[in-house]
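Trainee: Structure supplied as coords_9.cif; contents: mmCIF, C-alpha atoms; chains and numbers go by the auth columns.
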data_upload
loop_
_atom_site.group_PDB
_atom_site.id
_atom_site.type_symbol
_atom_site.label_atom_id
_atom_site.label_comp_id
_atom_site.label_asym_id
_atom_site.label_seq_id
_atom_site.Cartn_x
_atom_site.Cartn_y
_atom_site.Cartn_z
_atom_site.B_iso_or_equiv
_atom_site.auth_seq_id
_atom_site.auth_asym_id
ATOM 1 C CA ALA A 1 -4.085 -4.191 -5.871 0.00 1189 A
ATOM 2 C CA ASP A 2 -1.782 -6.522 -3.988 0.00 1190 A
ATOM 3 C CA LEU A 3 -0.030 -4.698 -1.148 0.00 1191 A
ATOM 4 C CA HIS A 4 2.479 -5.786 1.469 0.00 1192 A
ATOM 5 C CA PHE A 5 2.716 -3.767 4.694 0.00 1193 A
ATOM 6 C CA THR A 6 5.588 -4.035 7.158 0.00 1194 A
ATOM 7 C CA PRO A 7 4.913 -5.336 10.659 0.00 1195 A
ATOM 8 C CA LYS A 8 5.238 -1.731 11.895 0.00 1196 A
ATOM 9 C CA ALA A 9 2.293 -0.583 9.763 0.00 1197 A
ATOM 10 C CA ALA A 10 0.398 -3.872 9.762 0.00 1198 A
ATOM 11 C CA ARG A 11 -1.218 -3.430 13.157 0.00 1199 A
ATOM 12 C CA TRP A 12 -2.874 -0.203 11.975 0.00 1200 A
ATOM 13 C CA VAL A 13 -3.637 -1.134 8.379 0.00 1201 A
ATOM 14 C CA ALA A 14 -5.220 -4.469 9.271 0.00 1202 A
ATOM 15 C CA ASP A 15 -8.042 -2.596 11.031 0.00 1203 A
ATOM 16 C CA GLU A 16 -8.810 -0.313 8.070 0.00 1204 A
ATOM 17 C CA GLU A 17 -11.390 -1.013 5.413 0.00 1205 A
ATOM 18 C CA TRP A 18 -9.876 -0.121 2.055 0.00 1206 A
ATOM 19 C CA HIS A 19 -12.579 -1.811 0.001 0.00 1207 A
ATOM 20 C CA PRO A 20 -15.660 -3.964 0.781 0.00 1208 A
ATOM 21 C CA ALA A 21 -14.155 -6.875 -1.173 0.00 1209 A
ATOM 22 C CA GLN A 22 -10.695 -6.711 0.402 0.00 1210 A
ATOM 23 C CA GLN A 23 -8.817 -9.816 1.499 0.00 1211 A
ATOM 24 C CA GLY A 24 -6.089 -9.568 4.097 0.00 1212 A
ATOM 25 C CA ASP A 25 -3.683 -12.101 5.530 0.00 1213 A
ATOM 26 C CA TRP A 26 -1.187 -11.993 8.362 0.00 1214 A
ATOM 27 C CA LEU A 27 2.199 -13.309 7.265 0.00 1215 A
ATOM 28 C CA ALA A 28 4.654 -15.240 9.450 0.00 1216 A
ATOM 29 C CA ASP A 29 6.887 -12.197 9.996 0.00 1217 A
ATOM 30 C CA GLY A 30 3.994 -10.073 11.319 0.00 1218 A
ATOM 31 C CA SER A 31 3.471 -8.196 8.062 0.00 1219 A
ATOM 32 C CA TRP A 32 0.081 -7.803 6.374 0.00 1220 A
ATOM 33 C CA ARG A 33 -0.819 -8.681 2.796 0.00 1221 A
ATOM 34 C CA LEU A 34 -3.846 -6.857 1.478 0.00 1222 A
ATOM 35 C CA ARG A 35 -5.613 -7.440 -1.846 0.00 1223 A
ATOM 36 C CA PHE A 36 -8.598 -5.616 -3.321 0.00 1224 A
ATOM 37 C CA PRO A 37 -9.970 -4.338 -6.622 0.00 1225 A
ATOM 38 C CA TYR A 38 -9.567 -0.676 -7.539 0.00 1226 A
ATOM 39 C CA HIS A 39 -10.064 1.526 -10.599 0.00 1227 A
ATOM 40 C CA ARG A 40 -7.736 4.529 -10.502 0.00 1228 A
ATOM 41 C CA ASP A 41 -4.033 4.580 -9.675 0.00 1229 A
ATOM 42 C CA GLU A 42 -4.114 8.265 -8.679 0.00 1230 A
ATOM 43 C CA GLU A 43 -6.658 7.834 -5.909 0.00 1231 A
ATOM 44 C CA LEU A 44 -4.969 4.782 -4.430 0.00 1232 A
ATOM 45 C CA LEU A 45 -1.502 6.347 -4.665 0.00 1233 A
ATOM 46 C CA MET A 46 -2.551 9.158 -2.338 0.00 1234 A
ATOM 47 C CA ASP A 47 -3.492 6.598 0.316 0.00 1235 A
ATOM 48 C CA LEU A 48 -0.377 4.483 -0.212 0.00 1236 A
ATOM 49 C CA LEU A 49 2.121 7.335 -0.118 0.00 1237 A
ATOM 50 C CA ARG A 50 1.205 8.160 3.468 0.00 1238 A
ATOM 51 C CA HIS A 51 2.691 4.794 4.420 0.00 1239 A
ATOM 52 C CA GLY A 52 6.055 5.547 2.782 0.00 1240 A
ATOM 53 C CA ALA A 53 8.556 2.746 3.286 0.00 1241 A
ATOM 54 C CA ASP A 54 6.024 0.656 5.219 0.00 1242 A
ATOM 55 C CA VAL A 55 4.178 -0.490 2.095 0.00 1243 A
ATOM 56 C CA GLU A 56 5.269 -2.257 -1.068 0.00 1244 A
ATOM 57 C CA VAL A 57 3.017 -2.563 -4.095 0.00 1245 A
ATOM 58 C CA MET A 58 3.347 -6.133 -5.331 0.00 1246 A
ATOM 59 C CA ALA A 59 0.842 -5.851 -8.204 0.00 1247 A
ATOM 60 C CA PRO A 60 -0.230 -4.664 -10.625 0.00 1248 A
ATOM 61 C CA ALA A 61 2.981 -3.582 -12.319 0.00 1249 A
ATOM 62 C CA THR A 62 1.416 -0.296 -13.449 0.00 1250 A
ATOM 63 C CA LEU A 63 0.618 0.717 -9.868 0.00 1251 A
ATOM 64 C CA ARG A 64 4.070 -0.381 -8.716 0.00 1252 A
ATOM 65 C CA ALA A 65 5.684 1.800 -11.396 0.00 1253 A
ATOM 66 C CA ALA A 66 3.388 4.735 -10.591 0.00 1254 A
ATOM 67 C CA MET A 67 4.476 4.570 -6.943 0.00 1255 A
ATOM 68 C CA GLN A 68 8.145 5.021 -7.864 0.00 1256 A
ATOM 69 C CA THR A 69 7.947 8.554 -9.277 0.00 1257 A
ATOM 70 C CA PRO A 70 6.627 10.403 -6.222 0.00 1258 A
ATOM 71 C CA LEU A 71 8.914 8.421 -3.918 0.00 1259 A
ATOM 72 C CA GLN A 72 11.977 9.208 -6.033 0.00 1260 A
ATOM 73 C CA THR A 73 10.988 12.885 -6.200 0.00 1261 A
ATOM 74 C CA ALA A 74 10.617 13.037 -2.414 0.00 1262 A
ATOM 75 C CA LEU A 75 13.963 11.314 -1.895 0.00 1263 A
ATOM 76 C CA ALA A 76 15.688 13.736 -4.266 0.00 1264 A
ATOM 77 C CA ARG A 77 14.463 16.656 -2.143 0.00 1265 A
ATOM 78 C CA TYR A 78 16.246 15.224 0.887 0.00 1266 A
ATOM 79 C CA SER A 79 19.457 14.213 -0.877 0.00 1267 A
#
Can you give me the file's structure in the form of C-alpha cells?
Mentor:
Amino acid sequence: ADLHFTPKAARWVADEEWHPAQQGDWLADGSWRLRFPYHRDEELLMDLLRHGADVEVMAPATLRAAMQTPLQTALARYS
C-alpha cells in the first residue's frame, strides 16, 4: 500500500507501526507518506476508514477503488 496522510493526521500516524516492513517519509508540507506490503483490502480498509479525509490511497488502484464505496455511502447518508 502507498498511503498519503494529511499534516493533521501525520503526527499521529507517523508513530504507529502498521507493518514491520513499513517505510515512511515526511513530505515538505508536513504530510506523511507510508508504504508497506499487505494481503487483504478488507482488513486494511477498516484501519484506513477511521482516518476519513485525512488519508488518500495512492496505490494500488484496487485498494483506492475499494476505499471509494464506503466513503460514498457515508457521504450519501449525510446529504
Trainee: A:Ala1254, A:Ala1189, A:Ala1198, A:Leu1259: which is nearest Leu1237 of chain A, counting only C-alpha atoms?
Mentor: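 Looking only at the distances to Leu1237 of chain A, the closest residue turns out to be A:Leu1259.
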Trainee: So that I can see what lies close to Gly1240 of chain A, please list as a ChimeraX atom specification the residues with an atom at most 12 Å from it, counting all atoms listed in the file and leaving out residues fewer than 6 positions away in the same chain.
Mentor: /A:1192-1194,1196-1197,1233-1234,1255-1256,1258-1260,1262-1263
Trainee: Quick one: which residues end up in the PyMOL selection byres ((chain A and resi 1200-1204) around 10) for this structure, as a count of residues only?
Mentor: 18
Trainee: Suppose you want the space between atom CA of Arg1265 of chain A and atom CA of Ala1249 of chain A; what is it in Å?
Mentor: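 Between these atoms lies a distance of 25.4 Å.
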Trainee: What is the atom CA of Pro1208 of chain A-atom CA of Ala1253 of chain A distance in Å, reported with one decimal?
Mentor: 25.2 Å
Trainee: Mind pulling up the distance from atom CA of Phe1224 of chain A to atom CA of Val1245 of chain A?
Mentor: 12.0 Å
Trainee: Which one of A:Gln1210, A:Thr1250, A:Thr1261, A:Ser1267 sits closest to Glu1230 of chain A if you count only C-alpha atoms?
Mentor: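 With only C-alpha atoms as the atom set, the closest residue is A:Thr1250.
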Trainee: Nearest residue to Arg1223 of chain A out of A:Leu1236, A:Thr1257, A:Met1246, A:Gln1211, using all atoms listed in the file?
Mentor: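 Closest to Arg1223 of chain A, using all atoms listed in the file: A:Gln1211.
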Trainee: Go through A:Tyr1266, A:His1227, A:Asp1235, A:Ala1209 one by one, measure the shortest atom-to-atom distance of each to Pro1248 of chain A using only C-alpha atoms, and give the residue with the smallest value.
Mentor: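 Among A:Tyr1266, A:His1227, A:Asp1235, A:Ala1209, it is A:His1227 that comes nearest to Pro1248 of chain A.
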Trainee: Could you add the missing atoms to segment 1246-1263 of chain A, up to N, CA, C and O atoms, and return them as a compact mmCIF listing (two decimals), keeping the file's coordinate frame?
Mentor:
# COMPACT_ATOMS: atom_id res chain seq x y z
N MET A 1246 2.91 -4.90 -4.69
CA MET A 1246 3.35 -6.13 -5.33
C MET A 1246 2.75 -6.26 -6.73
O MET A 1246 3.38 -6.79 -7.63
N ALA A 1247 1.53 -5.78 -6.92
CA ALA A 1247 0.84 -5.85 -8.20
C ALA A 1247 -0.32 -4.87 -8.17
O ALA A 1247 -0.80 -4.53 -7.09
N PRO A 1248 -0.75 -4.40 -9.29
CA PRO A 1248 -0.23 -4.66 -10.62
C PRO A 1248 1.04 -3.86 -10.90
O PRO A 1248 1.37 -2.90 -10.18
N ALA A 1249 1.72 -4.23 -11.96
CA ALA A 1249 2.98 -3.58 -12.32
C ALA A 1249 2.80 -2.09 -12.60
O ALA A 1249 3.68 -1.29 -12.30
N THR A 1250 1.65 -1.71 -13.15
CA THR A 1250 1.42 -0.30 -13.45
C THR A 1250 1.33 0.54 -12.17
O THR A 1250 1.86 1.65 -12.12
N LEU A 1251 0.70 0.01 -11.14
CA LEU A 1251 0.62 0.72 -9.87
C LEU A 1251 1.99 0.76 -9.20
O LEU A 1251 2.39 1.77 -8.63
N ARG A 1252 2.71 -0.33 -9.28
CA ARG A 1252 4.07 -0.38 -8.72
C ARG A 1252 4.95 0.69 -9.36
O ARG A 1252 5.67 1.41 -8.68
N ALA A 1253 4.89 0.79 -10.68
CA ALA A 1253 5.68 1.80 -11.40
C ALA A 1253 5.23 3.21 -11.05
O ALA A 1253 6.06 4.11 -10.87
N ALA A 1254 3.92 3.42 -10.92
CA ALA A 1254 3.39 4.74 -10.59
C ALA A 1254 3.82 5.18 -9.20
O ALA A 1254 3.95 6.38 -8.94
N MET A 1255 4.05 4.26 -8.31
CA MET A 1255 4.48 4.57 -6.94
C MET A 1255 5.92 5.08 -6.91
O MET A 1255 6.29 5.86 -6.04
N GLN A 1256 6.73 4.68 -7.86
CA GLN A 1256 8.14 5.02 -7.86
C GLN A 1256 8.40 6.51 -8.06
O GLN A 1256 9.26 7.09 -7.39
N THR A 1257 7.67 7.15 -8.95
CA THR A 1257 7.95 8.55 -9.28
C THR A 1257 7.82 9.48 -8.07
O THR A 1257 8.76 10.21 -7.77
N PRO A 1258 6.70 9.49 -7.36
CA PRO A 1258 6.63 10.40 -6.22
C PRO A 1258 7.62 10.07 -5.11
O PRO A 1258 8.12 10.96 -4.43
N LEU A 1259 7.93 8.79 -4.93
CA LEU A 1259 8.91 8.42 -3.92
C LEU A 1259 10.31 8.89 -4.30
O LEU A 1259 11.06 9.39 -3.45
N GLN A 1260 10.66 8.74 -5.57
CA GLN A 1260 11.98 9.21 -6.03
C GLN A 1260 12.08 10.72 -5.95
O GLN A 1260 13.12 11.27 -5.58
N THR A 1261 11.01 11.43 -6.28
CA THR A 1261 10.99 12.88 -6.20
C THR A 1261 11.18 13.35 -4.76
O THR A 1261 11.95 14.27 -4.47
N ALA A 1262 10.48 12.70 -3.83
CA ALA A 1262 10.62 13.04 -2.41
C ALA A 1262 12.05 12.77 -1.92
O ALA A 1262 12.63 13.61 -1.23
N LEU A 1263 12.60 11.65 -2.30
CA LEU A 1263 13.96 11.31 -1.90
C LEU A 1263 14.96 12.32 -2.42
O LEU A 1263 15.89 12.74 -1.72
